[in-house]
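Novice: Data file upload13.csv (CSV, C-alpha atoms) is appended below.
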chain,number,residue,atom,x,y,z
M,1,MET,CA,56.9,-95.7,102.7
M,2,THR,CA,55.3,-98.4,100.7
M,3,GLY,CA,52.8,-97.9,97.9
M,4,GLY,CA,52.6,-97.6,94.2
M,5,THR,CA,56.2,-96.8,93.8
M,6,GLY,CA,58.2,-97.2,90.7
M,7,SER,CA,61.5,-95.8,89.5
M,8,GLY,CA,63.3,-93.6,92.0
M,9,GLY,CA,62.4,-90.8,94.3
M,10,LEU,CA,61.2,-87.3,93.5
M,11,GLY,CA,64.4,-85.3,93.8
M,12,GLY,CA,65.3,-87.1,97.0
M,13,GLY,CA,62.4,-85.5,98.9
M,14,ARG,CA,61.3,-87.1,102.1
M,15,SER,CA,57.8,-88.5,102.7
M,16,ALA,CA,56.1,-87.8,106.0
M,17,CYS,CA,56.7,-91.5,106.9
M,18,GLY,CA,60.5,-90.8,106.8
M,19,GLY,CA,61.3,-92.6,103.6
M,20,THR,CA,62.2,-91.1,100.2
M,21,PHE,CA,59.1,-90.1,98.2
M,22,GLU,CA,58.7,-92.1,95.0
M,23,ALA,CA,56.1,-91.1,92.4
M,24,ALA,CA,54.0,-94.2,91.5
M,25,THR,CA,54.9,-95.4,88.0
M,26,GLY,CA,52.5,-98.4,88.1
M,27,ASP,CA,55.2,-101.0,88.4
M,28,GLY,CA,55.4,-101.1,92.2
M,29,PRO,CA,53.3,-102.4,95.1
M,30,GLY,CA,49.9,-100.9,95.8
M,31,VAL,CA,49.2,-98.5,98.7
M,32,ALA,CA,47.8,-100.3,101.8
M,33,PRO,CA,44.4,-99.0,102.8
M,34,ALA,CA,45.9,-97.6,106.1
M,35,GLU,CA,48.4,-95.5,104.1
M,36,ILE,CA,46.1,-93.9,101.5
M,37,GLU,CA,45.6,-90.7,103.4
M,38,GLN,CA,49.3,-90.3,104.1
M,39,ARG,CA,50.1,-91.1,100.5
M,40,SER,CA,47.8,-88.3,99.4
M,41,ARG,CA,49.5,-85.8,101.7
M,42,ASP,CA,52.9,-86.9,100.4
M,43,VAL,CA,51.8,-86.5,96.8
M,44,ARG,CA,50.5,-83.0,97.5
M,45,ALA,CA,53.8,-82.1,99.2
M,46,ALA,CA,55.8,-83.5,96.3
M,47,LEU,CA,53.6,-81.5,93.8
M,48,ASP,CA,54.0,-78.3,95.9
M,49,GLY,CA,57.8,-78.9,95.8
M,50,LEU,CA,57.8,-79.4,92.1
M,51,LEU,CA,55.8,-76.2,91.5
M,52,GLN,CA,58.2,-74.4,93.8
M,53,ILE,CA,61.1,-75.7,91.6
M,54,ARG,CA,59.4,-74.4,88.6
M,55,ARG,CA,58.7,-71.0,90.2
M,56,LEU,CA,62.4,-70.6,91.1
M,57,THR,CA,63.9,-71.9,87.9
M,58,LEU,CA,61.5,-71.0,85.1
M,59,HIS,CA,59.0,-68.4,86.1
M,60,GLN,CA,60.8,-65.7,87.9
M,61,GLY,CA,58.9,-63.2,85.8
M,62,GLY,CA,55.6,-64.2,87.4
M,63,GLY,CA,54.5,-66.7,84.8
M,64,ASP,CA,52.3,-69.7,85.5
M,65,PRO,CA,54.5,-72.4,87.1
M,66,LYS,CA,52.1,-75.1,85.7
M,67,ALA,CA,52.8,-74.0,82.1
M,68,VAL,CA,55.9,-76.0,81.2
M,69,PRO,CA,58.1,-78.6,82.9
M,70,ALA,CA,61.4,-77.5,84.5
M,71,GLU,CA,64.8,-78.8,83.4
M,72,TRP,CA,64.7,-81.3,86.4
M,73,GLU,CA,61.6,-82.8,85.0
M,74,ARG,CA,63.0,-83.0,81.5
M,75,ARG,CA,65.9,-85.0,82.8
M,76,GLN,CA,63.7,-87.4,84.8
M,77,PRO,CA,60.5,-87.6,82.7
M,78,VAL,CA,59.2,-90.9,84.1
M,79,ARG,CA,59.2,-89.6,87.6
M,80,ALA,CA,57.7,-86.2,86.6
M,81,VAL,CA,55.0,-87.8,84.5
M,82,ALA,CA,54.1,-90.3,87.2
M,83,LEU,CA,53.8,-87.4,89.8
M,84,ALA,CA,51.6,-85.4,87.3
M,85,LEU,CA,49.3,-88.4,87.0
M,86,GLU,CA,49.2,-89.3,90.7
M,87,SER,CA,48.6,-85.7,91.7
M,88,GLY,CA,45.8,-85.6,89.2
M,89,GLY,CA,44.0,-88.2,91.1
M,90,LEU,CA,44.6,-91.1,88.7
M,91,THR,CA,45.2,-94.5,90.0
M,92,PRO,CA,48.5,-96.3,89.3
M,93,SER,CA,48.5,-100.0,88.4
M,94,SER,CA,50.4,-102.2,90.8
M,95,VAL,CA,52.2,-105.5,90.8
M,96,ASP,CA,52.8,-108.2,93.5
M,97,ALA,CA,56.2,-109.5,94.6
M,98,SER,CA,56.4,-111.8,91.6
M,99,GLY,CA,55.8,-108.9,89.2
M,100,ALA,CA,52.2,-110.0,88.3
M,101,ARG,CA,49.9,-107.1,87.8
M,102,ILE,CA,47.3,-107.0,90.5
M,103,THR,CA,45.4,-103.7,90.1
M,104,THR,CA,44.3,-101.7,87.1
M,105,GLY,CA,45.7,-98.2,86.5
M,106,TYR,CA,48.3,-96.2,84.6
M,107,ARG,CA,51.8,-97.4,84.0
M,108,VAL,CA,54.6,-94.9,83.1
M,109,ARG,CA,57.8,-96.1,81.4
M,110,ALA,CA,60.6,-94.5,79.4
M,111,GLY,CA,59.8,-93.8,75.8
M,112,ASP,CA,61.8,-94.8,72.8
M,113,ARG,CA,63.1,-91.3,72.3
M,114,PRO,CA,65.1,-89.5,74.9
M,115,GLY,CA,63.0,-87.2,77.1
M,116,THR,CA,59.7,-89.0,76.3
M,117,THR,CA,57.6,-91.4,78.3
M,118,VAL,CA,54.9,-93.9,77.5
M,119,VAL,CA,51.7,-94.1,79.5
M,120,GLU,CA,49.7,-97.3,79.3
M,121,TRP,CA,46.5,-98.4,81.1
M,122,LEU,CA,47.1,-101.9,82.4
M,123,GLY,CA,45.4,-104.4,84.7
M,124,PRO,CA,45.5,-108.0,85.7
M,125,PRO,CA,44.2,-110.5,83.1
M,126,GLY,CA,40.4,-110.3,82.8
M,127,SER,CA,40.2,-107.0,84.6
M,128,GLY,CA,38.7,-105.1,81.6
M,129,ALA,CA,41.6,-102.7,81.4
M,130,ALA,CA,41.6,-102.8,77.6
M,131,GLN,CA,37.9,-101.7,77.5
M,132,GLU,CA,38.7,-98.8,79.9
M,133,GLU,CA,41.8,-97.6,78.3
M,134,THR,CA,40.4,-95.0,75.9
M,135,ALA,CA,38.5,-93.1,78.6
M,136,ALA,CA,41.3,-93.6,81.2
M,137,LEU,CA,44.0,-92.4,78.9
M,138,GLY,CA,41.8,-89.4,78.0
M,139,ALA,CA,41.8,-88.5,81.7
M,140,CYS,CA,45.6,-89.0,81.8
M,141,VAL,CA,45.9,-86.5,78.9
M,142,LEU,CA,44.0,-83.9,80.9
M,143,ALA,CA,46.1,-84.4,84.1
M,144,LEU,CA,49.3,-84.1,82.1
M,145,ALA,CA,48.2,-81.1,80.1
M,146,ARG,CA,47.5,-79.1,83.3
M,147,LEU,CA,51.2,-79.5,84.3
M,148,GLY,CA,52.7,-78.7,80.9
M,149,TRP,CA,53.0,-82.1,79.3
M,150,GLU,CA,51.9,-83.0,75.7
M,151,ALA,CA,50.4,-86.5,75.3
M,152,LEU,CA,49.5,-88.0,72.0
M,153,LEU,CA,47.3,-91.1,71.7
M,154,TYR,CA,48.6,-94.0,69.6
M,155,LYS,CA,47.4,-97.5,68.9
M,156,GLY,CA,50.1,-100.2,69.3
M,157,PRO,CA,50.4,-103.9,68.4
M,158,ARG,CA,47.3,-105.9,69.3
M,159,GLY,CA,45.2,-102.8,69.1
M,160,ARG,CA,46.2,-101.5,72.6
M,161,ARG,CA,46.3,-97.7,73.0
M,162,PHE,CA,49.0,-95.8,74.8
M,163,LEU,CA,50.2,-92.2,75.2
M,164,GLU,CA,53.5,-90.9,74.2
M,165,VAL,CA,54.3,-87.9,76.5
M,166,GLU,CA,56.8,-85.1,76.2
M,167,PRO,CA,57.3,-81.8,77.8
M,168,LEU,CA,55.8,-78.6,76.3
M,169,GLU,CA,58.4,-76.2,75.1
M,170,SER,CA,58.7,-72.8,76.8
So that I can check it, write out the structure of this file as structure tokens.
Specialist:
Amino acid sequence: MTGGTGSGGLGGGRSACGGTFEAATGDGPGVAPAEIEQRSRDVRAALDGLLQIRRLTLHQGGGDPKAVPAEWERRQPVRAVALALESGGLTPSSVDASGARITTGYRVRAGDRPGTTVVEWLGPPGSGAAQEETAALGACVLALARLGWEALLYKGPRGRRFLEVEPLES
């Protein structure tokens, strides 16, 4: 399956297209228009699988499986955060074959501290991504919070904002 992929698959799960599902980190190719509906189904299936993992490993007592990330997510935070954002309806950025950014959206990368990630709002030069980032990152905070991730907004060099994300503790 092509489309909005980034670093690695979600626990080796299969997409309906037969390939390994990979949560979109914002550093991969975009989703072709003909694949958008299938991608949406694959994201829903991956989220359902993730919530099932949480139910089985964290919440046997009947707690809310959306409350805190499971150990699997803590070991692979870039994948887990990317899935949380994509399942929240947010658009990942994408790059072409040369690595040039071609669409505006979120980008997830490993943070400086173990177990953390950084979420940025990026786009091609002249896209206006910098003007959108405050509102867009605010939407990212909401999508992450609903799945048990804490996101703090920072201002980096050159005044660009970004989120530092880590799992909530149980």
Novice: Counting all atoms listed in the file, which of M:Leu47, M:Ser127, M:Arg160, M:Leu90 gets nearest to Thr103 of chain M?
Specialist: M:Ser127
Novice: Calculated over all atoms listed in the file, which of the candidates M:Glu86, M:Thr104, M:Arg75, M:Pro157 has the smallest distance to Gly128 of chain M?
Specialist: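 Using all atoms listed in the file, the shortest distance to Gly128 of chain M belongs to M:Thr104.
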Novice: Between M:Pro69, M:Asp112, M:Leu56, M:Ser98, which has the minimum distance to Leu168 of chain M (counting only C-alpha atoms)?
Specialist: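 Using only C-alpha atoms, Leu168 of chain M sits closest to M:Pro69.
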Novice: Can you work out the spacing between atom CA of Glu37 of chain M and atom CA of Gly89 of chain M in Å, to one decimal?
Specialist: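 Answer for the atom CA of Glu37 of chain M to atom CA of Gly89 of chain M separation: 12.7 Å.
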Novice: Considering all atoms listed in the file, can you say which of M:Ala84, M:Leu163, M:Val118, M:Ile102 comes closest to Gly138 of chain M?
Specialist: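 Going through M:Ala84, M:Leu163, M:Val118, M:Ile102 one by one, the smallest distance to Gly138 of chain M is for M:Leu163.
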Novice: Using all atoms listed in the file, list the residues that have an atom at most 10 Å from (61.9, -87.7, 73.3), coordinates as in the file, as a compact mmCIF listing (two decimals) with C-alpha atoms, in the frame of the given file.
Specialist:
# COMPACT_ATOMS: atom_id res chain seq x y z
CA ARG M 74 63.00 -83.00 81.50
CA PRO M 77 60.50 -87.60 82.70
CA ALA M 110 60.60 -94.50 79.40
CA GLY M 111 59.80 -93.80 75.80
CA ASP M 112 61.80 -94.80 72.80
CA ARG M 113 63.10 -91.30 72.30
CA PRO M 114 65.10 -89.50 74.90
CA GLY M 115 63.00 -87.20 77.10
CA THR M 116 59.70 -89.00 76.30
CA THR M 117 57.60 -91.40 78.30
CA GLU M 164 53.50 -90.90 74.20
CA VAL M 165 54.30 -87.90 76.50
CA GLU M 166 56.80 -85.10 76.20
CA PRO M 167 57.30 -81.80 77.80
Novice: Would you please work out which residue, of M:Ala145, M:Ala23, M:Ile53, M:Val31, is nearest to Asp96 of chain M when using only C-alpha atoms?
Specialist: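 Going through M:Ala145, M:Ala23, M:Ile53, M:Val31 one by one, the smallest distance to Asp96 of chain M is for M:Val31.
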Novice: With a cut-off of 6 Å, could you pull out the residues of segment 23-139 of chain M touching segment 146-156 of chain M and give me the nearest pair of atoms for each, distance in Å to one decimal, using only C-alpha atoms, ordered by chain and ascending number, as JSON lines?
Specialist:
{"residue": "M:Lys66", "atom": "CA", "partner": "M:Leu147", "partner_atom": "CA", "distance": 4.7}
{"residue": "M:Ala67", "atom": "CA", "partner": "M:Gly148", "partner_atom": "CA", "distance": 4.9}
{"residue": "M:Val68", "atom": "CA", "partner": "M:Gly148", "partner_atom": "CA", "distance": 4.2}
{"residue": "M:Pro69", "atom": "CA", "partner": "M:Gly148", "partner_atom": "CA", "distance": 5.8}
